[in-house]
Amino acid sequence: MNNRGGGALILSGDTEKQQSHQAATNNGKQQRIRSGGILVRSNDDNSSSTTIPTPKWHAPWKLSAVLSSHLGWVRSVAFDPHNTLFATGGNDRVIKIFDLAKACVASQDALKITLTGHISPVRGLAFSERHPYLFSAGEDKLVKCWDLETNQVIRHYHGHLSGVFALKLHPTLDLLVTGGRDAVARVWDMRTKHQVHCLTGHDNTVGALLTKGTDPQIVTGSYDSTIKLWDLAAGKCMTTLTHHKKSVRALAMPSFENTFISGAADSLKKWVGSDGRFIKSFTGHKGVINALAVNDDGVLLSGADDGSMNFWDYSTGHCFQQSTTMAQPGSLDAENGIFAAEFDLTGTRLITCEADKTIKIWKEDESASELSHPIDMKSWRKKCIAEAKKRY
């Protein structure tokens with residue numbers, strides 16, 4: 001025992017024990033002290049504190065039908081509200097409308113009509129739920145409204161200064177939102193053709209859009225690697241999300257919860273829909289993610305430039321299937337690429353638009369079961385623990 005000038009009384013024998021005990025309990029880590037005062041971390045660290053979510057089992061998906069109709073890359077797809085038709089747009093500047101039931105069985109007469117009018121690749125398509133209209137947007141700066149009863153263009157929306165890369169309709173209001181290479185998203189009144197808002201703030205192409213009925217009613221993803229959430233009434237940006245390091249080329253939103261997911265070459269990221277809080281990253285898909293789609297069953301598809309397709313459990317982020325699309329015979333291997341993907345309204349069919357000029361229809365493997373294709377819990381647990389140890 002020695003007495004220092006500051007009046008502090010220190011027990012020299014006990015100090016080492018106190019310090020080592022303090023270090024041992026530090027951060028709540030499970031550590032023990034060997035004889036000799038050496039601090040040792042026990043083997044089951046971190047794994048006990050990491051909660052491992054149990055993924056829902058999903059059947060693997062397999063190729064069902066291939067439609068070779070376009071003469072160029074297929075860039076966009078949309079389903080009509082009755083789930084009887086779907087439309088695709090391509091680099092051959094045409095929009096093709098198919099009968100979904102016939103297309104699923106690869107019938108020769110699946111193609112119903114071909115609409116011509118664009119003079120550049122068609123990059124965005126959307127069917128209206130309340131009118132017999134199809135909206136299209138292309139790299140020719142044109143945004144068109146087609147009347148499907150007469151199969152003619154009835155409206156043009158003029159204003160974009162460069163190619164239009166994304167198009168979405170508002171779910172409840174008669175509004176149309178388009179985003180393009182002029183780095184803005186434009187909100188149009190469907191009936192009057194007037195521009196309601198010009199949502200400025202991005203530094204690069206707006207390549208992906210989401211619209212929903214609750215605030216923020218518009219979400220934009222841009223090649224400047226940011227995501228912006230917009231207040232539609234004011235036409236102002238509410239939040240900017242800067243987590244991605246690469247261009248955001250795809251956004252998707254499920255129907256069963258208020259979240260959305262963004263895709264870039266670095267990872268997929270899931271966010272809270274109301275305020276843009278970050279939830280988690282889905283890592284493991286190496287490639288430029290061009291397409292994201294979610295069905296009601298909680299299956300998320302990410303499709304990449306190199307033709308790789310990953311199927312994820314949306315709620316936990318477990319990747320249950322990794323596959324690669326096949327280029328049609330006579331194509332180059334380099335023509336393996338997915339540009340757009342969409343589940344039909346039932347969620348049982350998936351349509352991908354590809355670089356080999358085909359439209360591919362995928363369905364779940366009915367013969368698969370939890371016994372034949374079990375969830376690999378060992379590697380999933382390993383991945384969860386590895387990610388929990390990372391700081392970011």
# chains A, B, ... in the order shown; residues from 1 in each chain; ligands from 1

$ residues_around --residues "His170 (chain A)" --least-positions-apart "4" --cutoff "10 Å" --atoms "only C-alpha atoms" --output "list in words"
Ser128, Glu129, Asp174, Leu175, Leu176, Val177, Val187, Leu210, Thr211, Lys212, Gly213, Gln217 and Ile218 of chain A

$ write_last_selection --atoms "N, CA and C atoms" --output "compact mmCIF listing (two decimals), in the first residue's frame"
# COMPACT_ATOMS: atom_id res chain seq x y z
N SER A 128 -51.99 1.31 -67.11
CA SER A 128 -52.80 2.03 -66.13
C SER A 128 -53.84 1.07 -65.53
N GLU A 129 -54.08 1.22 -64.23
CA GLU A 129 -55.07 0.36 -63.56
C GLU A 129 -56.49 0.87 -63.77
N ASP A 174 -53.81 10.28 -60.74
CA ASP A 174 -53.57 10.20 -62.19
C ASP A 174 -52.28 10.94 -62.53
N LEU A 175 -51.19 10.40 -62.02
CA LEU A 175 -49.89 11.01 -62.25
C LEU A 175 -48.94 9.99 -62.87
N LEU A 176 -48.02 10.52 -63.64
CA LEU A 176 -47.03 9.71 -64.32
C LEU A 176 -45.66 10.27 -63.92
N VAL A 177 -44.73 9.40 -63.56
CA VAL A 177 -43.40 9.85 -63.15
C VAL A 177 -42.37 9.22 -64.10
N VAL A 187 -42.74 14.76 -62.98
CA VAL A 187 -44.08 14.29 -62.61
C VAL A 187 -45.07 14.96 -63.55
N LEU A 210 -39.67 4.41 -57.94
CA LEU A 210 -40.77 3.74 -57.23
C LEU A 210 -41.83 4.79 -56.93
N THR A 211 -43.08 4.38 -57.01
CA THR A 211 -44.17 5.27 -56.57
C THR A 211 -45.05 4.49 -55.60
N LYS A 212 -45.57 5.19 -54.59
CA LYS A 212 -46.48 4.54 -53.65
C LYS A 212 -47.49 5.54 -53.11
N GLY A 213 -48.49 5.02 -52.43
CA GLY A 213 -49.60 5.87 -52.00
C GLY A 213 -49.32 6.68 -50.74
N GLN A 217 -43.89 9.57 -51.54
CA GLN A 217 -44.65 8.93 -52.62
C GLN A 217 -43.81 8.61 -53.83
N ILE A 218 -42.62 9.22 -53.93
CA ILE A 218 -41.71 8.92 -55.04
C ILE A 218 -40.32 8.63 -54.49

$ residues_around --residues "region 263-266 of chain A" --least-positions-apart "5" --cutoff "7 Å" --atoms "only C-alpha atoms" --output "number ranges by chain"
A: 245-251, 286-289

$ atom_distance --atom1 "CA of Phe256 (chain A)" --atom2 "CA of Lys62 (chain A)"
24.6 Å

$ closest_residue --among "A:Gly159, A:Gly307, A:Gly179, A:Gly347" --to "Trp61 (chain A)" --atoms "only C-alpha atoms"
A:Gly347

$ select_by_dssp --residues "region 10-213 of chain A" --states "strand (DSSP E)" --output "ChimeraX atom specification"
/A:10,31-34,38-41,61-68,74-79,85-90,94-99,111-116,122-127,133-138,143-147,152-156,164-169,175-180,185-189,195-199,206-211

$ write_last_selection --atoms "C-alpha atoms" --output "CSV table (one decimal), in the first residue's frame"
chain,number,residue,atom,x,y,z
A,10,ILE,CA,-3.8,2.5,-4.2
A,31,GLN,CA,-13.5,-13.6,-22.0
A,32,ARG,CA,-11.7,-15.6,-19.2
A,33,ILE,CA,-8.4,-15.1,-17.5
A,34,ARG,CA,-5.8,-17.8,-17.6
A,38,ILE,CA,-3.4,-13.6,-19.6
A,39,LEU,CA,-6.6,-12.5,-21.2
A,40,VAL,CA,-8.2,-15.1,-23.4
A,41,ARG,CA,-11.3,-14.8,-25.5
A,61,TRP,CA,-37.1,-21.6,-59.9
A,62,LYS,CA,-36.6,-23.1,-63.4
A,63,LEU,CA,-36.9,-22.0,-67.0
A,64,SER,CA,-40.4,-22.6,-68.4
A,65,ALA,CA,-40.6,-20.9,-71.8
A,66,VAL,CA,-38.5,-18.7,-74.1
A,67,LEU,CA,-40.0,-16.1,-76.5
A,68,SER,CA,-37.9,-15.0,-79.4
A,74,VAL,CA,-35.3,-6.4,-74.5
A,75,ARG,CA,-35.2,-3.5,-72.1
A,76,SER,CA,-38.6,-3.3,-70.3
A,77,VAL,CA,-41.6,-5.3,-69.3
A,78,ALA,CA,-45.0,-4.6,-67.7
A,79,PHE,CA,-48.1,-6.6,-66.7
A,85,LEU,CA,-51.4,-9.5,-71.0
A,86,PHE,CA,-47.8,-8.3,-70.7
A,87,ALA,CA,-45.9,-5.8,-72.8
A,88,THR,CA,-42.2,-5.7,-73.6
A,89,GLY,CA,-40.1,-2.9,-75.1
A,90,GLY,CA,-36.8,-3.4,-76.8
A,94,VAL,CA,-41.1,-1.6,-80.8
A,95,ILE,CA,-43.5,-2.5,-78.0
A,96,LYS,CA,-44.9,-6.0,-78.2
A,97,ILE,CA,-48.0,-7.2,-76.3
A,98,PHE,CA,-48.3,-10.9,-75.5
A,99,ASP,CA,-51.1,-13.1,-74.1
A,111,LEU,CA,-47.9,-12.3,-79.6
A,112,LYS,CA,-51.1,-10.2,-79.9
A,113,ILE,CA,-49.9,-6.9,-81.4
A,114,THR,CA,-46.7,-4.9,-82.1
A,115,LEU,CA,-46.8,-1.1,-81.5
A,116,THR,CA,-44.4,1.1,-83.5
A,122,VAL,CA,-38.1,1.6,-75.3
A,123,ARG,CA,-36.8,1.8,-71.7
A,124,GLY,CA,-40.0,2.1,-69.6
A,125,LEU,CA,-43.5,0.6,-69.8
A,126,ALA,CA,-46.6,0.7,-67.5
A,127,PHE,CA,-50.2,-0.2,-67.8
A,133,TYR,CA,-53.9,2.9,-71.4
A,134,LEU,CA,-50.3,1.8,-71.8
A,135,PHE,CA,-47.5,4.3,-71.1
A,136,SER,CA,-44.1,4.0,-72.7
A,137,ALA,CA,-40.8,5.9,-72.5
A,138,GLY,CA,-37.7,5.7,-74.6
A,143,VAL,CA,-43.1,9.6,-73.3
A,144,LYS,CA,-46.2,8.3,-75.0
A,145,CYS,CA,-49.7,7.2,-73.9
A,146,TRP,CA,-51.2,4.4,-76.0
A,147,ASP,CA,-55.0,3.7,-76.1
A,152,GLN,CA,-52.8,4.4,-81.2
A,153,VAL,CA,-50.8,7.1,-79.4
A,154,ILE,CA,-53.3,9.6,-77.9
A,155,ARG,CA,-50.9,11.7,-75.8
A,156,HIS,CA,-47.3,12.8,-75.7
A,164,VAL,CA,-35.9,8.6,-70.5
A,165,PHE,CA,-34.7,5.5,-68.6
A,166,ALA,CA,-37.6,4.8,-66.1
A,167,LEU,CA,-41.3,5.2,-65.9
A,168,LYS,CA,-43.9,4.6,-63.2
A,169,LEU,CA,-47.5,5.4,-62.6
A,175,LEU,CA,-49.9,11.0,-62.2
A,176,LEU,CA,-47.0,9.7,-64.3
A,177,VAL,CA,-43.4,9.8,-63.2
A,178,THR,CA,-40.5,9.6,-65.5
A,179,GLY,CA,-36.7,9.7,-64.9
A,180,GLY,CA,-33.9,10.0,-67.4
A,185,ALA,CA,-37.5,12.9,-62.4
A,186,ARG,CA,-40.5,14.6,-63.9
A,187,VAL,CA,-44.1,14.3,-62.6
A,188,TRP,CA,-46.8,14.6,-65.2
A,189,ASP,CA,-50.6,15.1,-65.0
A,195,GLN,CA,-45.5,18.8,-66.0
A,196,VAL,CA,-46.5,19.1,-62.3
A,197,HIS,CA,-43.0,18.9,-60.8
A,198,CYS,CA,-39.5,18.6,-61.9
A,199,LEU,CA,-37.6,16.8,-59.1
A,206,VAL,CA,-32.1,8.8,-62.8
A,207,GLY,CA,-32.2,5.1,-63.6
A,208,ALA,CA,-34.9,3.7,-61.3
A,209,LEU,CA,-38.2,4.8,-59.8
A,210,LEU,CA,-40.8,3.7,-57.2
A,211,THR,CA,-44.2,5.3,-56.6

$ residues_around --residues "Gly284 (chain A)" --least-positions-apart "6" --cutoff "10 Å" --atoms "only C-alpha atoms" --output "PyMOL selection string"
chain A and resi 266-268+310+318-319+322

$ residues_around --residues "Pro329 (chain A)" --least-positions-apart "5" --cutoff "12 Å" --atoms "only C-alpha atoms" --output "short mmCIF file (atom, residue, chain, number, x, y, z; two decimals) with N, CA, C and O atoms, in the first residue's frame"
data_model
loop_
_atom_site.label_atom_id
_atom_site.label_comp_id
_atom_site.auth_asym_id
_atom_site.auth_seq_id
_atom_site.Cartn_x
_atom_site.Cartn_y
_atom_site.Cartn_z
N VAL A 66 -39.34 -19.77 -73.54
CA VAL A 66 -38.50 -18.72 -74.13
C VAL A 66 -39.24 -18.14 -75.34
O VAL A 66 -39.70 -18.89 -76.20
N SER A 68 -38.79 -15.71 -78.56
CA SER A 68 -37.86 -14.96 -79.42
C SER A 68 -38.70 -14.15 -80.39
O SER A 68 -39.16 -14.67 -81.40
N GLU A 335 -23.78 -12.23 -74.68
CA GLU A 335 -25.17 -11.78 -74.72
C GLU A 335 -25.98 -12.36 -73.57
O GLU A 335 -27.21 -12.36 -73.60
N ASN A 336 -25.30 -12.88 -72.56
CA ASN A 336 -25.96 -13.28 -71.32
C ASN A 336 -26.14 -12.02 -70.48
O ASN A 336 -25.18 -11.53 -69.90
N ASP A 356 -29.96 -11.47 -75.15
CA ASP A 356 -29.95 -12.34 -76.33
C ASP A 356 -31.25 -12.20 -77.13
O ASP A 356 -31.59 -13.07 -77.92
N LYS A 357 -31.97 -11.08 -76.89
CA LYS A 357 -33.19 -10.71 -77.63
C LYS A 357 -34.41 -11.57 -77.26
O LYS A 357 -35.42 -11.53 -77.95
N THR A 358 -34.27 -12.34 -76.18
CA THR A 358 -35.41 -13.20 -75.80
C THR A 358 -36.11 -12.67 -74.55
O THR A 358 -35.56 -11.87 -73.80
#

$ atom_distance --atom1 "CA of Val299 (chain A)" --atom2 "CA of Phe311 (chain A)"
6.6 Å
